[in-house]
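Colleague: Got a structure for you, written out below as structure tokens; questions coming shortly.
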Amino acid sequence: MEKQEKKIEFETARVAVKKTKEDFMILTVGTSNMDDEVKVAHMFFRNAILQEMGIHGAPATSRTTTSGDQEATASNEHAGTATGELAVTDEPSSTVDPTSSHPSGTVPPLHRSHSPPLHFTDAHGRTPDLGAMSLLLVLFLLPALAAAHQRPSSYGSSALTEWRNAKASYFSIDPEDAVGGACGFGDLGKHGYGMATVGLSTALFERGASCGGCYEVRCVEDLKYCLPGTSIVVTATNFCPPNYGFPADAGGVCNPPNHHFLLPIQAFEKIALWKAGVMPIQYRRVKCLREGGVRFSVSGKGSFFTVLISNVGGAGDVRSVKIKGTESGWLSMGRNWGQIWHINLDLTGQPVSFELTSSDGTTMTNFNVVPKDWEFGKTYTGKQFLL
């Protein structure tokens, strides 16, 4: 009977610990990226919560001391008490390093301890309300822990802009249906973009000028749903249209002036749990790494000549295009929509050259990339922008 009662008691405590982890997401925060002061504060907070539940985990601070250390410790405790600050006394049964990080990045297994637990007292010897203390420590530690979770990005050397604030949400899509979009790329798998794509709000889309650009996106501010230390690079392939039936701050997520990223759920779940819904993020433009050269997909009829430009490296977007046949000089093309450009010019039987300029000011010329026997409906591959 006694064993059964202990089992029930332990299971109740385990559920309470699990609930606390879900509410605060702080008992399982790894300490490998924290400063020493943050590590110690983290351990104090963890043990305060466990002590409130009547469970003792790894002690927050403990070390063996010499007589000199004991004298200094007593002096420090006296000084803290004299000023009315909380004094912390710890009587652990063994020596534990409070700043050690565990291989799994989680709290060590909990156990019942027969040694005296942590005692928190003020200048008058009174024990403060640990529940209130836990809440205060949450408010104090969350910013520090969030910062500790931001790891340096591997794309830093290719960044084109600084980090900026925005929000993101997701939509569900079958990878086999990843076609179309407001940039004109059509089959995203065929053009090498896959599910690492994004639809941009009006403020970011720039009437198609941003199509093909690459953005590094990371989740911020939400320890409950963010996947710590992660980011993903996505290509702008679509437009997130505004919904003027709702205010920009209450349902119209893609309305001006909002900076919003609409991600396929496959990309969204690389940086956050799907339960996050609309979440705060940070983004920055980065250079696009592409396999192979720039692709020119020719279409039209008669003298109406259009070209879809895709798989662009470097800045990834195309801001201006010039075209040249053997019977003409360089002529500017107009943006039809997305990354589809057009011109009224009969180029039958002529090799065709293109001059592309991207948003970072880089210009690249592909001479005679389209041969003289070209046909509508065919795609031709040229050279690539240098990174």
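The chains in the structure tokens are called A, B, ... from first to last as shown; in each chain the residues are counted from 1, and the ligands are counted from 1 in the order shown.
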Which neighbours of segment 246-262 of chain A fall inside 7 Å, counting only C-alpha atoms, when residues of the same chain fewer than 6 positions from it are skipped, and could you give them as a PyMOL selection string?

Modeller: chain A and resi 166-170+198-204+240

Colleague: In terms of the shortest atom-to-atom distance over only C-alpha atoms, which of A:Ile173, A:Ala276, A:Met364, A:Ala209 is closest to Gln339 of chain A?

Modeller: A:Ala209

Colleague: Which residues, written as a count of residues only, have at least one atom at most 9 Å from segment 298-315 of chain A, with only C-alpha atoms counted and residues fewer than 3 positions away on the same chain left out?

Modeller: 51

Colleague: Could you give me the residues within segment 169-247 of chain A that DSSP places in helix (DSSP H, G or I), as an NGL selection string?

Modeller: :A and (175-177 or 202-208)
